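J.: Before anything else, here's the structure in question.
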Amino acid sequence: MTQALSTEEQSKDRYFQQLAKVAEEMVDEHGKDFAAGALVLAARWVAENRLGQTEKRPN
């Protein structure tokens with residue numbers, strides 16, 4: 001028996017599909033090391049709550 005996905009699960013599934021597409025594109029254009037590094041860096045930014053913040057640089 002197959003259960004239908006909840007609205008939240010459907011939303012999360014769409015994001016996983018988008019991530020997979022972006023990852024595949026990065027691998028195709030720049031290789032798997034770049035793709036893995038970029039995704040790890042993005043995960044770090046999420047964990048550190050740094051998304052959307054611009055870093056102030058000294059003059």
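Chain identifiers are assigned as A, B, and so on, following the order in which chains appear in the structure tokens; residues are numbered from 1 within each chain, and ligands are numbered from 1 in order of appearance.
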Would you please give, as number ranges by chain, all residues of chain A that DSSP assigns to alpha helix (DSSP H) based on the backbone?
T.: A: 7-30, 32-47
J.: Quick one: everything within 8 Å of segment 17-24 of chain A, counting only C-alpha atoms, minus sequence neighbours fewer than 4 positions away in the same chain. Send it as a JSON list (two decimals) with all heavy atoms, in the first residue's frame.
T.:
[["chain", "number", "residue", "atom", "x", "y", "z"],
["A", 13, "ASP", "N", 10.12, 17.34, -1.47],
["A", 13, "ASP", "CA", 10.49, 16.54, -2.64],
["A", 13, "ASP", "C", 10.83, 17.44, -3.82],
["A", 13, "ASP", "O", 11.81, 17.18, -4.53],
["A", 13, "ASP", "CB", 9.35, 15.58, -3.00],
["A", 13, "ASP", "CG", 9.77, 14.56, -4.05],
["A", 13, "ASP", "OD1", 10.81, 13.89, -3.85],
["A", 13, "ASP", "OD2", 9.06, 14.44, -5.06],
["A", 28, "ASP", "N", 28.38, 18.65, -14.51],
["A", 28, "ASP", "CA", 28.59, 18.68, -15.97],
["A", 28, "ASP", "C", 29.52, 19.82, -16.38],
["A", 28, "ASP", "O", 30.35, 19.65, -17.27],
["A", 28, "ASP", "CB", 27.26, 18.82, -16.71],
["A", 28, "ASP", "CG", 26.41, 17.56, -16.66],
["A", 28, "ASP", "OD1", 26.94, 16.49, -16.28],
["A", 28, "ASP", "OD2", 25.21, 17.66, -16.98],
["A", 35, "ALA", "N", 31.16, 20.66, -7.47],
["A", 35, "ALA", "CA", 29.77, 20.52, -7.07],
["A", 35, "ALA", "C", 29.66, 20.14, -5.59],
["A", 35, "ALA", "O", 28.88, 20.73, -4.84],
["A", 35, "ALA", "CB", 29.06, 19.47, -7.94],
["A", 39, "LEU", "N", 28.08, 22.57, -2.60],
["A", 39, "LEU", "CA", 26.94, 22.13, -1.80],
["A", 39, "LEU", "C", 27.29, 22.09, -0.31],
["A", 39, "LEU", "O", 26.47, 22.45, 0.54],
["A", 39, "LEU", "CB", 26.43, 20.78, -2.29],
["A", 39, "LEU", "CG", 25.78, 20.82, -3.69],
["A", 39, "LEU", "CD1", 25.57, 19.41, -4.22],
["A", 39, "LEU", "CD2", 24.50, 21.61, -3.68]]
